[in-house]
file entry_24.cif (mmCIF, C-alpha atoms and all ligand atoms)
data_coords
loop_
_atom_site.group_PDB
_atom_site.id
_atom_site.type_symbol
_atom_site.label_atom_id
_atom_site.label_comp_id
_atom_site.auth_asym_id
_atom_site.auth_seq_id
_atom_site.Cartn_x
_atom_site.Cartn_y
_atom_site.Cartn_z
ATOM 1 C CA MET A 1 29.030 10.968 36.915
ATOM 2 C CA LEU A 2 25.379 10.310 37.724
ATOM 3 C CA ASN A 3 23.528 8.413 35.070
ATOM 4 C CA PRO A 4 20.318 10.379 34.288
ATOM 5 C CA LEU A 5 18.660 7.201 33.041
ATOM 6 C CA ALA A 6 19.251 5.309 36.294
ATOM 7 C CA PRO A 7 15.815 6.015 37.880
ATOM 8 C CA LEU A 8 14.102 4.880 34.671
ATOM 9 C CA LYS A 9 16.114 1.689 34.586
ATOM 10 C CA ARG A 10 15.283 1.036 38.221
ATOM 11 C CA ALA A 11 11.567 1.624 37.614
ATOM 12 C CA GLU A 12 11.702 -0.777 34.676
ATOM 13 C CA ARG A 13 13.444 -3.440 36.793
ATOM 14 C CA VAL A 14 10.803 -3.069 39.509
ATOM 15 C CA ARG A 15 8.047 -3.368 36.895
ATOM 16 C CA GLN A 16 9.597 -6.510 35.426
ATOM 17 C CA LEU A 17 10.053 -8.040 38.870
ATOM 18 C CA THR A 18 6.435 -7.286 39.800
ATOM 19 C CA GLU A 19 5.259 -9.027 36.636
ATOM 20 C CA LYS A 20 7.489 -12.030 37.328
ATOM 21 C CA LEU A 21 6.263 -12.301 40.929
ATOM 22 C CA GLU A 22 2.616 -12.132 39.772
ATOM 23 C CA ASN A 23 3.236 -15.073 37.451
ATOM 24 C CA VAL A 24 5.067 -17.127 40.061
ATOM 25 C CA ALA A 25 2.387 -16.456 42.705
ATOM 26 C CA ALA A 26 -0.291 -17.702 40.313
ATOM 27 C CA SER A 27 1.474 -20.933 39.382
ATOM 28 C CA ASP A 28 1.665 -24.210 41.282
ATOM 29 C CA THR A 29 5.250 -23.993 42.345
ATOM 30 C CA THR A 30 7.653 -23.439 45.221
ATOM 31 C CA LEU A 31 6.962 -20.034 46.762
ATOM 32 C CA LEU A 32 9.648 -20.142 49.425
ATOM 33 C CA ASP A 33 12.992 -21.891 49.193
ATOM 34 C CA VAL A 34 15.369 -21.620 52.149
ATOM 35 C CA GLN A 35 18.804 -23.098 51.447
ATOM 36 C CA HIS A 36 21.491 -23.800 54.054
ATOM 37 C CA LEU A 37 20.494 -20.825 56.162
ATOM 38 C CA ALA A 38 22.725 -19.884 59.095
ATOM 39 C CA VAL A 39 22.058 -17.075 61.564
ATOM 40 C CA ALA A 40 24.259 -15.936 64.440
ATOM 41 C CA LEU A 41 23.177 -13.553 67.190
ATOM 42 C CA ASN A 42 25.654 -12.176 69.727
ATOM 43 C CA GLU A 43 28.289 -14.452 68.164
ATOM 44 C CA ARG A 44 26.183 -17.524 68.952
ATOM 45 C CA GLU A 45 25.036 -19.564 65.969
ATOM 46 C CA ILE A 46 21.282 -20.049 66.437
ATOM 47 C CA LEU A 47 20.568 -21.533 63.015
ATOM 48 C CA LYS A 48 23.365 -23.654 61.537
ATOM 49 C CA ASP A 49 22.043 -25.147 58.325
ATOM 50 C CA VAL A 50 18.324 -24.820 57.695
ATOM 51 C CA SER A 51 16.852 -25.882 54.357
ATOM 52 C CA PHE A 52 13.211 -26.385 53.372
ATOM 53 C CA GLU A 53 10.668 -25.447 50.746
ATOM 54 C CA LEU A 54 7.113 -24.174 50.901
ATOM 55 C CA ASN A 55 4.842 -24.922 47.964
ATOM 56 C CA ARG A 56 1.892 -22.843 46.856
ATOM 57 C CA GLY A 57 -1.271 -23.503 48.861
ATOM 58 C CA GLU A 58 0.437 -25.443 51.661
ATOM 59 C CA LEU A 59 -0.141 -24.753 55.337
ATOM 60 C CA VAL A 60 3.080 -25.825 57.014
ATOM 61 C CA GLY A 61 3.513 -26.012 60.773
ATOM 62 C CA VAL A 62 6.931 -25.275 62.287
ATOM 63 C CA VAL A 63 7.719 -26.900 65.636
ATOM 64 C CA GLY A 64 10.718 -27.183 67.903
ATOM 65 C CA ALA A 65 11.668 -26.764 71.544
ATOM 66 C CA SER A 66 11.497 -23.284 73.023
ATOM 67 C CA GLY A 67 14.635 -21.363 72.056
ATOM 68 C CA THR A 68 15.502 -23.491 69.007
ATOM 69 C CA GLY A 69 15.147 -20.474 66.759
ATOM 70 C CA LYS A 70 11.666 -20.658 65.222
ATOM 71 C CA SER A 71 11.084 -16.936 65.653
ATOM 72 C CA VAL A 72 14.638 -16.156 64.543
ATOM 73 C CA LEU A 73 14.033 -18.252 61.422
ATOM 74 C CA THR A 74 10.816 -16.347 60.699
ATOM 75 C CA ARG A 75 12.550 -13.010 61.147
ATOM 76 C CA ALA A 76 15.533 -14.078 59.035
ATOM 77 C CA ILE A 77 13.277 -15.077 56.135
ATOM 78 C CA LEU A 78 11.611 -11.669 56.384
ATOM 79 C CA GLY A 79 14.999 -9.963 56.277
ATOM 80 C CA LEU A 80 14.685 -8.588 59.826
ATOM 81 C CA VAL A 81 17.677 -10.551 61.145
ATOM 82 C CA PRO A 82 20.880 -10.835 59.086
ATOM 83 C CA LYS A 83 22.024 -14.255 57.938
ATOM 84 C CA THR A 84 25.613 -15.421 57.923
ATOM 85 C CA ARG A 85 25.199 -18.082 55.209
ATOM 86 C CA GLY A 86 22.613 -19.491 52.862
ATOM 87 C CA ARG A 87 20.042 -18.309 50.389
ATOM 88 C CA ILE A 88 16.465 -17.149 50.801
ATOM 89 C CA ILE A 89 14.434 -17.394 47.626
ATOM 90 C CA ILE A 90 10.957 -15.907 47.835
ATOM 91 C CA LEU A 91 8.570 -16.265 44.887
ATOM 92 C CA GLN A 92 11.612 -17.500 42.982
ATOM 93 C CA ALA A 93 13.497 -14.262 43.572
ATOM 94 C CA ASP A 94 16.828 -14.602 45.378
ATOM 95 C CA MET A 95 16.693 -11.827 47.985
ATOM 96 C CA ASP A 96 20.493 -11.319 47.799
ATOM 97 C CA GLN A 97 20.252 -10.496 44.102
ATOM 98 C CA LEU A 98 17.747 -7.672 44.627
ATOM 99 C CA ASP A 99 18.300 -4.032 45.473
ATOM 100 C CA TYR A 100 16.360 -2.291 48.259
ATOM 101 C CA ALA A 101 13.437 -1.202 46.057
ATOM 102 C CA GLU A 102 13.107 -4.702 44.619
ATOM 103 C CA GLN A 103 13.249 -6.306 48.056
ATOM 104 C CA ARG A 104 10.347 -4.103 49.127
ATOM 105 C CA VAL A 105 8.351 -5.300 46.120
ATOM 106 C CA VAL A 106 8.817 -8.883 47.340
ATOM 107 C CA GLU A 107 8.207 -8.027 51.023
ATOM 108 C CA GLN A 108 4.928 -6.379 50.095
ATOM 109 C CA ARG A 109 3.644 -9.815 49.078
ATOM 110 C CA LEU A 110 4.300 -11.325 52.532
ATOM 111 C CA GLY A 111 1.928 -11.100 55.494
ATOM 112 C CA VAL A 112 3.222 -11.391 59.046
ATOM 113 C CA MET A 113 1.787 -11.980 62.499
ATOM 114 C CA PHE A 114 4.558 -11.718 65.094
ATOM 115 C CA GLN A 115 4.741 -13.758 68.278
ATOM 116 C CA HIS A 116 4.874 -10.725 70.554
ATOM 117 C CA GLY A 117 3.401 -7.263 70.232
ATOM 118 C CA ALA A 118 0.633 -8.333 67.893
ATOM 119 C CA LEU A 119 -0.862 -4.827 67.572
ATOM 120 C CA PHE A 120 0.170 -1.210 68.155
ATOM 121 C CA SER A 121 -1.643 -0.275 71.371
ATOM 122 C CA SER A 122 -1.999 3.413 70.481
ATOM 123 C CA LEU A 123 -3.770 2.681 67.195
ATOM 124 C CA THR A 124 -7.327 1.475 66.650
ATOM 125 C CA VAL A 125 -7.903 -1.887 64.977
ATOM 126 C CA LYS A 126 -8.625 -0.124 61.681
ATOM 127 C CA GLN A 127 -5.450 1.953 61.917
ATOM 128 C CA ASN A 128 -3.455 -1.173 62.767
ATOM 129 C CA VAL A 129 -4.783 -2.953 59.693
ATOM 130 C CA GLN A 130 -3.857 0.098 57.628
ATOM 131 C CA VAL A 131 -0.216 0.125 58.769
ATOM 132 C CA PRO A 132 1.036 -2.086 55.882
ATOM 133 C CA MET A 133 -1.136 -0.138 53.428
ATOM 134 C CA ARG A 134 0.485 3.129 54.507
ATOM 135 C CA GLU A 135 3.929 1.562 54.353
ATOM 136 C CA TYR A 136 3.704 0.083 50.882
ATOM 137 C CA LEU A 137 0.809 1.657 48.991
ATOM 138 C CA ASP A 138 -0.348 5.130 48.137
ATOM 139 C CA LEU A 139 -4.105 4.888 48.622
ATOM 140 C CA SER A 140 -6.752 7.467 49.438
ATOM 141 C CA PRO A 141 -8.006 7.481 53.071
ATOM 142 C CA LYS A 142 -11.468 6.417 51.839
ATOM 143 C CA LEU A 143 -10.136 3.382 49.982
ATOM 144 C CA MET A 144 -7.928 2.419 52.930
ATOM 145 C CA ASP A 145 -10.982 2.583 55.213
ATOM 146 C CA GLU A 146 -12.998 0.377 52.881
ATOM 147 C CA LEU A 147 -10.197 -2.154 52.554
ATOM 148 C CA ALA A 148 -9.558 -2.253 56.310
ATOM 149 C CA ILE A 149 -13.258 -2.853 57.064
ATOM 150 C CA LEU A 150 -13.272 -5.654 54.499
ATOM 151 C CA LYS A 151 -10.306 -7.380 56.181
ATOM 152 C CA ILE A 152 -11.793 -6.865 59.644
ATOM 153 C CA GLN A 153 -15.009 -8.563 58.553
ATOM 154 C CA MET A 154 -13.083 -11.306 56.769
ATOM 155 C CA VAL A 155 -11.500 -12.466 60.033
ATOM 156 C CA GLY A 156 -14.889 -12.623 61.729
ATOM 157 C CA LEU A 157 -14.701 -9.435 63.796
ATOM 158 C CA PRO A 158 -17.801 -7.247 64.147
ATOM 159 C CA ALA A 159 -17.618 -3.989 62.160
ATOM 160 C CA ASP A 160 -17.635 -1.905 65.372
ATOM 161 C CA ALA A 161 -14.295 -3.492 66.371
ATOM 162 C CA ALA A 162 -12.667 -1.237 63.752
ATOM 163 C CA GLU A 163 -12.712 1.858 65.964
ATOM 164 C CA LYS A 164 -11.638 0.042 69.145
ATOM 165 C CA PHE A 165 -8.179 0.070 70.688
ATOM 166 C CA PRO A 166 -6.410 -3.226 71.475
ATOM 167 C CA SER A 167 -6.978 -2.690 75.226
ATOM 168 C CA GLU A 168 -10.731 -2.865 74.574
ATOM 169 C CA LEU A 169 -10.531 -6.288 72.882
ATOM 170 C CA SER A 170 -10.429 -9.876 74.144
ATOM 171 C CA GLY A 171 -7.328 -12.007 73.475
ATOM 172 C CA GLY A 172 -9.099 -13.837 70.656
ATOM 173 C CA MET A 173 -10.206 -10.572 69.040
ATOM 174 C CA ILE A 174 -6.629 -9.236 69.197
ATOM 175 C CA LYS A 175 -5.388 -12.343 67.366
ATOM 176 C CA ARG A 176 -8.045 -11.887 64.702
ATOM 177 C CA ALA A 177 -7.192 -8.201 64.314
ATOM 178 C CA ALA A 178 -3.502 -9.122 63.956
ATOM 179 C CA LEU A 179 -4.472 -11.644 61.303
ATOM 180 C CA ALA A 180 -6.486 -8.959 59.490
ATOM 181 C CA ARG A 181 -3.343 -6.821 59.463
ATOM 182 C CA ALA A 182 -1.258 -9.731 58.150
ATOM 183 C CA LEU A 183 -3.779 -10.125 55.319
ATOM 184 C CA ALA A 184 -4.027 -6.377 54.615
ATOM 185 C CA LEU A 185 -2.128 -6.485 51.327
ATOM 186 C CA ASP A 186 -3.552 -9.816 50.073
ATOM 187 C CA PRO A 187 -0.249 -11.624 50.657
ATOM 188 C CA ASP A 188 0.950 -14.679 48.746
ATOM 189 C CA ILE A 189 2.672 -16.122 51.817
ATOM 190 C CA VAL A 190 1.582 -15.584 55.420
ATOM 191 C CA PHE A 191 3.949 -16.040 58.368
ATOM 192 C CA LEU A 192 2.258 -16.686 61.697
ATOM 193 C CA ASP A 193 4.374 -17.002 64.829
ATOM 194 C CA GLU A 194 2.390 -18.792 67.558
ATOM 195 C CA PRO A 195 -0.977 -17.385 66.448
ATOM 196 C CA THR A 196 -3.001 -19.295 69.055
ATOM 197 C CA SER A 197 -0.729 -18.906 72.074
ATOM 198 C CA GLY A 198 -2.565 -17.498 75.073
ATOM 199 C CA LEU A 199 -5.989 -18.517 73.775
ATOM 200 C CA ASP A 200 -8.194 -21.073 75.536
ATOM 201 C CA PRO A 201 -8.769 -24.321 73.584
ATOM 202 C CA ILE A 202 -12.110 -23.109 72.202
ATOM 203 C CA GLY A 203 -10.671 -19.764 71.073
ATOM 204 C CA ALA A 204 -7.655 -21.537 69.592
ATOM 205 C CA GLY A 205 -9.912 -24.032 67.782
ATOM 206 C CA GLU A 206 -11.986 -21.205 66.319
ATOM 207 C CA PHE A 207 -8.850 -19.427 65.136
ATOM 208 C CA ASP A 208 -7.615 -22.652 63.504
ATOM 209 C CA GLU A 209 -10.930 -23.050 61.701
ATOM 210 C CA LEU A 210 -10.713 -19.466 60.471
ATOM 211 C CA MET A 211 -7.171 -20.048 59.227
ATOM 212 C CA VAL A 212 -8.137 -23.137 57.257
ATOM 213 C CA THR A 213 -11.202 -21.425 55.779
ATOM 214 C CA LEU A 214 -9.142 -18.412 54.714
ATOM 215 C CA GLN A 215 -6.302 -20.559 53.431
ATOM 216 C CA GLU A 216 -8.679 -22.540 51.249
ATOM 217 C CA SER A 217 -10.787 -19.615 50.049
ATOM 218 C CA LEU A 218 -7.874 -17.256 49.387
ATOM 219 C CA GLY A 219 -5.411 -19.942 48.259
ATOM 220 C CA LEU A 220 -2.932 -18.804 50.906
ATOM 221 C CA THR A 221 0.439 -20.372 51.530
ATOM 222 C CA VAL A 222 1.059 -20.401 55.280
ATOM 223 C CA PHE A 223 4.184 -20.785 57.428
ATOM 224 C CA MET A 224 2.907 -21.240 60.974
ATOM 225 C CA VAL A 225 5.121 -21.596 64.028
ATOM 226 C CA THR A 226 3.156 -23.332 66.755
ATOM 227 C CA HIS A 227 3.399 -25.236 70.025
ATOM 228 C CA ASP A 228 -0.232 -26.202 69.740
ATOM 229 C CA LEU A 229 -0.620 -29.891 68.906
ATOM 230 C CA ASP A 230 -4.337 -29.469 68.204
ATOM 231 C CA SER A 231 -3.458 -26.834 65.591
ATOM 232 C CA LEU A 232 -0.888 -29.127 63.998
ATOM 233 C CA TYR A 233 -3.343 -31.981 63.689
ATOM 234 C CA THR A 234 -6.283 -29.949 62.469
ATOM 235 C CA THR A 235 -4.677 -27.380 60.171
ATOM 236 C CA CYS A 236 -1.285 -28.441 58.825
ATOM 237 C CA ASP A 237 -0.540 -30.223 55.564
ATOM 238 C CA ARG A 238 3.061 -30.722 56.589
ATOM 239 C CA VAL A 239 5.274 -30.165 59.608
ATOM 240 C CA ILE A 240 8.855 -28.934 59.777
ATOM 241 C CA ALA A 241 10.662 -29.641 63.041
ATOM 242 C CA LEU A 242 13.661 -27.531 64.040
ATOM 243 C CA GLY A 243 16.376 -28.683 66.420
ATOM 244 C CA GLU A 244 20.092 -28.144 66.919
ATOM 245 C CA GLY A 245 20.009 -25.351 64.334
ATOM 246 C CA ARG A 246 18.717 -27.664 61.601
ATOM 247 C CA VAL A 247 15.550 -29.198 60.202
ATOM 248 C CA ILE A 248 15.321 -32.506 62.062
ATOM 249 C CA ALA A 249 12.160 -33.703 60.299
ATOM 250 C CA ASP A 250 10.013 -32.502 57.402
ATOM 251 C CA GLY A 251 6.823 -34.290 56.387
ATOM 252 C CA PRO A 252 3.207 -35.057 57.258
ATOM 253 C CA ILE A 253 2.139 -35.712 60.852
ATOM 254 C CA SER A 254 2.542 -39.452 60.177
ATOM 255 C CA ALA A 255 6.273 -38.841 59.551
ATOM 256 C CA MET A 256 6.547 -36.950 62.856
ATOM 257 C CA LEU A 257 4.843 -39.805 64.678
ATOM 258 C CA ALA A 258 7.227 -42.309 63.095
ATOM 259 C CA SER A 259 10.379 -40.279 63.860
ATOM 260 C CA GLU A 260 12.942 -41.730 66.230
ATOM 261 C CA HIS A 261 14.325 -38.292 67.136
ATOM 262 C CA PRO A 262 14.156 -37.990 70.962
ATOM 263 C CA TRP A 263 12.558 -34.520 70.989
ATOM 264 C CA LEU A 264 9.941 -35.480 68.397
ATOM 265 C CA LYS A 265 9.223 -38.708 70.270
ATOM 266 C CA SER A 266 8.629 -36.935 73.543
ATOM 267 C CA TYR A 267 6.643 -34.141 71.856
ATOM 268 C CA PHE A 268 4.310 -36.298 69.794
ATOM 269 C CA HIS A 269 4.166 -39.360 72.046
ATOM 270 C CA GLY A 270 4.347 -37.638 75.451
ATOM 271 C CA LYS A 271 1.312 -37.248 77.688
ATOM 272 C CA ARG A 272 -0.065 -34.242 75.825
ATOM 273 C CA GLY A 273 0.668 -35.799 72.434
ATOM 274 C CA ARG A 274 -1.129 -39.014 73.361
ATOM 275 C CA SER A 275 -4.269 -37.205 74.511
ATOM 276 C CA VAL A 276 -4.409 -35.201 71.263
ATOM 277 C CA THR A 277 -3.818 -38.332 69.170
ATOM 278 C CA GLN A 278 -6.645 -40.098 70.994
ATOM 279 C CA SER A 279 -9.074 -37.219 70.557
ATOM 280 C CA GLN A 280 -8.167 -37.057 66.845
ATOM 281 C CA ARG A 281 -8.836 -40.770 66.512
ATOM 282 C CA LYS A 282 -12.208 -40.312 68.219
ATOM 283 C CA LEU A 283 -12.994 -37.469 65.823
ATOM 284 C CA ALA A 284 -11.995 -39.635 62.873
ATOM 285 C CA ILE A 285 -14.232 -42.494 64.034
ATOM 286 C CA VAL A 286 -17.168 -40.098 64.420
ATOM 287 C CA ARG A 287 -16.496 -38.767 60.915
ATOM 288 C CA GLY A 288 -15.960 -42.248 59.541
ATOM 289 C CA GLY A 289 -12.363 -41.420 58.523
ATOM 290 C CA ASP A 290 -9.099 -43.247 59.009
ATOM 291 C CA GLY A 291 -7.563 -40.984 61.602
ATOM 292 C CA ASN A 292 -5.412 -39.054 59.147
ATOM 293 C CA THR A 293 -6.014 -35.361 59.268
ATOM 294 C CA ARG A 294 -6.630 -33.461 56.044
HETATM 295 N N1 LIG B 1 17.684 -10.275 69.245
HETATM 296 C C1 LIG B 1 18.345 -11.302 69.786
HETATM 297 N N2 LIG B 1 19.609 -11.165 70.218
HETATM 298 C C2 LIG B 1 20.288 -12.186 70.753
HETATM 299 N N3 LIG B 1 19.803 -13.431 70.879
HETATM 300 C C3 LIG B 1 18.550 -13.636 70.468
HETATM 301 C C4 LIG B 1 17.740 -12.599 69.892
HETATM 302 N N4 LIG B 1 16.541 -13.116 69.558
HETATM 303 C C5 LIG B 1 16.598 -14.404 69.917
HETATM 304 N N5 LIG B 1 17.777 -14.723 70.453
HETATM 305 C C6 LIG B 1 18.182 -16.065 70.931
HETATM 306 O O1 LIG B 1 18.020 -16.962 69.847
HETATM 307 C C7 LIG B 1 17.542 -18.223 70.317
HETATM 308 C C8 LIG B 1 16.303 -18.597 69.553
HETATM 309 O O2 LIG B 1 15.257 -17.710 69.901
HETATM 310 P P1 LIG B 1 13.823 -17.785 69.270
HETATM 311 O O3 LIG B 1 13.045 -16.664 69.845
HETATM 312 O O4 LIG B 1 13.914 -17.857 67.804
HETATM 313 O O5 LIG B 1 13.280 -19.186 69.824
HETATM 314 P P2 LIG B 1 11.893 -19.875 69.542
HETATM 315 O O6 LIG B 1 12.167 -21.209 68.959
HETATM 316 O O7 LIG B 1 11.021 -18.958 68.778
HETATM 317 O O8 LIG B 1 11.320 -20.068 71.026
HETATM 318 P P3 LIG B 1 9.813 -19.981 71.594
HETATM 319 O O9 LIG B 1 9.194 -21.293 71.236
HETATM 320 O O10 LIG B 1 10.004 -19.834 73.064
HETATM 321 O O11 LIG B 1 9.133 -18.821 70.974
HETATM 322 C C9 LIG B 1 17.334 -18.063 71.808
HETATM 323 O O12 LIG B 1 18.432 -18.616 72.471
HETATM 324 C C10 LIG B 1 17.274 -16.564 72.022
HETATM 325 O O13 LIG B 1 17.780 -16.241 73.282
HETATM 326 MG MG MG B 2 9.324 -17.919 69.189
#

call {"tool": "encode", "arguments": {"input": "entry_24.cif", "output": "structure tokens"}}
result
Amino acid sequence: MLNPLAPLKRAERVRQLTEKLENVAASDTTLLDVQHLAVALNEREILKDVSFELNRGELVGVVGASGTGKSVLTRAILGLVPKTRGRIIILQADMDQLDYAEQRVVEQRLGVMFQHGALFSSLTVKQNVQVPMREYLDLSPKLMDELAILKIQMVGLPADAAEKFPSELSGGMIKRAALARALALDPDIVFLDEPTSGLDPIGAGEFDELMVTLQESLGLTVFMVTHDLDSLYTTCDRVIALGEGRVIADGPISAMLASEHPWLKSYFHGKRGRSVTQSQRKLAIVRGGDGNTR
């Protein structure tokens, strides 16, 4: 027999969870805890045993060779790819312990910028930014317009970009618009998958600066997959390196530089790595620092 009180109970559980998440998001604690995560696609195990934590206010870079599963990891955390083992604890809520409505309450607090297909091409920038608002909130069109314009300005786009379609924007503007969409619901954690790929070094540098400014002013916690060594040096508090389905290193850039792992050695000490390290050192000398970033 159907329990007539069930919807009430569910609403009460959602209310309690929302309150708990608010408290967790406001405290200096671990906001994301991935434990022994395994993911298999087409019967091939892509992630074997991935564990790491993300603390409030950290901007963590995720690196690894192409095809190691950085995007799969991002999608698995967001619940878009099923896991075969492990636990994903977001804002101290174990996603496996939640029902669908509760999972949506947690998901609403996450912002995402995917590696491919950053924007819907048939929607204007404003409509793109409003997609998460329409999905999760019940707001009036006027309020949604005001909020979208606010986000568009926040990422440094001119107000007239709001009514433009993606095809009318430069690559850098598209990235900014995608970031505005990721920030649409004032997320506690932002997931960025290769946010500067395809940009020239100046465009990428400007995007990095924007990220750091927003992270500091909004107190964001950021999980950023990147191949861009400049980004790693200038924006990240910590780096997580993926390889062979596991975390092969987790620590500040200095730990990456000291690692004996062959992939990390060739990545950070290869030709490209050396030129970035040298330019960082030059920057540090000009600034009178010691060469350590952030
Ligand atoms: N939907 C899918 N179905 C089957 N296999 C997939 C799927 N998505 C990804 N893979 C495989 O999973 C592995 C990891 O892919 P993923 O896209 O996560 O790599 P990545 O580390 O993000 O690489 P890149 O740096 O090139 O973006 C690859 O071998 C890829 O072919
Ligand atoms: Mg990828």

call {"tool": "closest_residue", "arguments": {"input": "entry_24.cif", "among": "A:Gly67, A:Pro158, A:Gly270, A:Gly245", "to": "ligand MG 2 (chain B)", "atoms": "all atoms listed in the file"}}
result
A:Gly67

call {"tool": "atom_distance", "arguments": {"input": "entry_24.cif", "atom1": "CA of Arg56 in chain A", "atom2": "CA of Val72 in chain A"}}
result
22.8 Å

call {"tool": "resolve_selection", "arguments": {"input": "entry_24.cif", "expression": "the PyMOL selection byres (((chain A and resi 42-47) around 8) and not hetatm)", "output": "ChimeraX atom specification"}}
result
/A:37-41,48-50,68-69,72-73,244-246

call {"tool": "resolve_selection", "arguments": {"input": "entry_24.cif", "expression": "the PyMOL selection byres (((chain A and resi 106) around 9) and not hetatm)", "output": "PyMOL selection string"}}
result
chain A and resi 17-18+21+90-91+93+95+102-105+107-110

call {"tool": "resolve_selection", "arguments": {"input": "entry_24.cif", "expression": "the PyMOL selection byres (((chain A and resi 119-121) around 10) and not hetatm)", "output": "ChimeraX atom specification"}}
result
/A:113-114,116-118,122-125,127-129,131,165-168,174-175,177-179,181

call {"tool": "residues_near_ligand", "arguments": {"input": "entry_24.cif", "ligand": "ligand MG 2 (chain B)", "cutoff": "12 Å", "atoms": "all atoms listed in the file", "output": "number ranges by chain"}}
result
A: 62-75, 113-116, 192-195, 197, 224-227, 242

call {"tool": "closest_residue", "arguments": {"input": "entry_24.cif", "among": "A:Lys20, A:Arg13, A:Lys164, A:Arg176", "to": "Gln92 in chain A", "atoms": "all atoms listed in the file"}}
result
A:Lys20

call {"tool": "closest_residue", "arguments": {"input": "entry_24.cif", "among": "A:Ala204, A:Ala162, A:Ile253, A:Ala76", "to": "ligand LIG 1 (chain B)", "atoms": "all atoms listed in the file"}}
result
A:Ala76

call {"tool": "closest_residue", "arguments": {"input": "entry_24.cif", "among": "A:Asp228, A:Glu19, A:Asp99, A:Asp237", "to": "ligand LIG 1 (chain B)", "atoms": "only C-alpha atoms and all ligand atoms"}}
result
A:Asp228

call {"tool": "closest_residue", "arguments": {"input": "entry_24.cif", "among": "A:Ser140, A:Asn23, A:Thr221, A:Thr196", "to": "Gly171 in chain A", "atoms": "all atoms listed in the file"}}
result
A:Thr196

call {"tool": "axis_aligned_box", "arguments": {"input": "entry_24.cif", "around": "ligand LIG 1 (chain B)", "padding_each_side": "3 Å", "output": "AutoDock Vina command-line options"}}
result
--center_x 14.7 --center_y -15.8 --center_z 70.5 --size_x 17.2 --size_y 17.0 --size_z 11.5

call {"tool": "atom_distance", "arguments": {"input": "entry_24.cif", "atom1": "CA of Gly86 in chain A", "atom2": "CA of Ala182 in chain A"}}
result
26.3 Å

call {"tool": "closest_residue", "arguments": {"input": "entry_24.cif", "among": "A:Glu22, A:Leu183, A:Leu80, A:Thr235", "to": "ligand LIG 1 (chain B)", "atoms": "only C-alpha atoms and all ligand atoms"}}
result
A:Leu80

call {"tool": "atom_distance", "arguments": {"input": "entry_24.cif", "atom1": "CA of Ser51 in chain A", "atom2": "CA of His36 in chain A"}}
result
5.1 Å

call {"tool": "residues_around", "arguments": {"input": "entry_24.cif", "residues": "Leu220 in chain A", "least_positions_apart": "2", "cutoff": "10 Å", "atoms": "only C-alpha atoms", "output": "list of chain:residue names"}}
result
A:Arg56, A:Gly57, A:Glu58, A:Leu59, A:Leu183, A:Asp186, A:Pro187, A:Asp188, A:Ile189, A:Val190, A:Met211, A:Val212, A:Thr213, A:Leu214, A:Gln215, A:Glu216, A:Ser217, A:Leu218, A:Val222, A:Phe223

call {"tool": "build_atoms", "arguments": {"input": "entry_24.cif", "residues": "range 171-182 of chain A", "atoms": "N, CA and C atoms", "output": "compact mmCIF listing (two decimals), in the frame of the given file"}}
result
# COMPACT_ATOMS: atom_id res chain seq x y z
N GLY A 171 -8.53 -11.41 74.07
CA GLY A 171 -7.33 -12.01 73.47
C GLY A 171 -7.60 -12.57 72.09
N GLY A 172 -8.75 -13.24 71.95
CA GLY A 172 -9.10 -13.84 70.66
C GLY A 172 -9.32 -12.77 69.59
N MET A 173 -9.96 -11.65 70.01
CA MET A 173 -10.21 -10.57 69.04
C MET A 173 -8.89 -9.92 68.60
N ILE A 174 -7.94 -9.82 69.54
CA ILE A 174 -6.63 -9.24 69.20
C ILE A 174 -5.94 -10.11 68.15
N LYS A 175 -6.01 -11.43 68.35
CA LYS A 175 -5.39 -12.34 67.37
C LYS A 175 -6.03 -12.17 66.00
N ARG A 176 -7.35 -12.06 65.98
CA ARG A 176 -8.04 -11.89 64.70
C ARG A 176 -7.66 -10.56 64.04
N ALA A 177 -7.57 -9.51 64.87
CA ALA A 177 -7.19 -8.20 64.31
C ALA A 177 -5.77 -8.27 63.74
N ALA A 178 -4.88 -8.98 64.45
CA ALA A 178 -3.50 -9.12 63.96
C ALA A 178 -3.49 -9.91 62.65
N LEU A 179 -4.37 -10.89 62.55
CA LEU A 179 -4.47 -11.64 61.30
C LEU A 179 -4.99 -10.74 60.18
N ALA A 180 -5.96 -9.89 60.50
CA ALA A 180 -6.49 -8.96 59.49
C ALA A 180 -5.35 -8.07 58.98
N ARG A 181 -4.47 -7.66 59.89
CA ARG A 181 -3.34 -6.82 59.46
C ARG A 181 -2.37 -7.62 58.59
N ALA A 182 -2.16 -8.90 58.96
CA ALA A 182 -1.26 -9.73 58.15
C ALA A 182 -1.82 -9.93 56.74
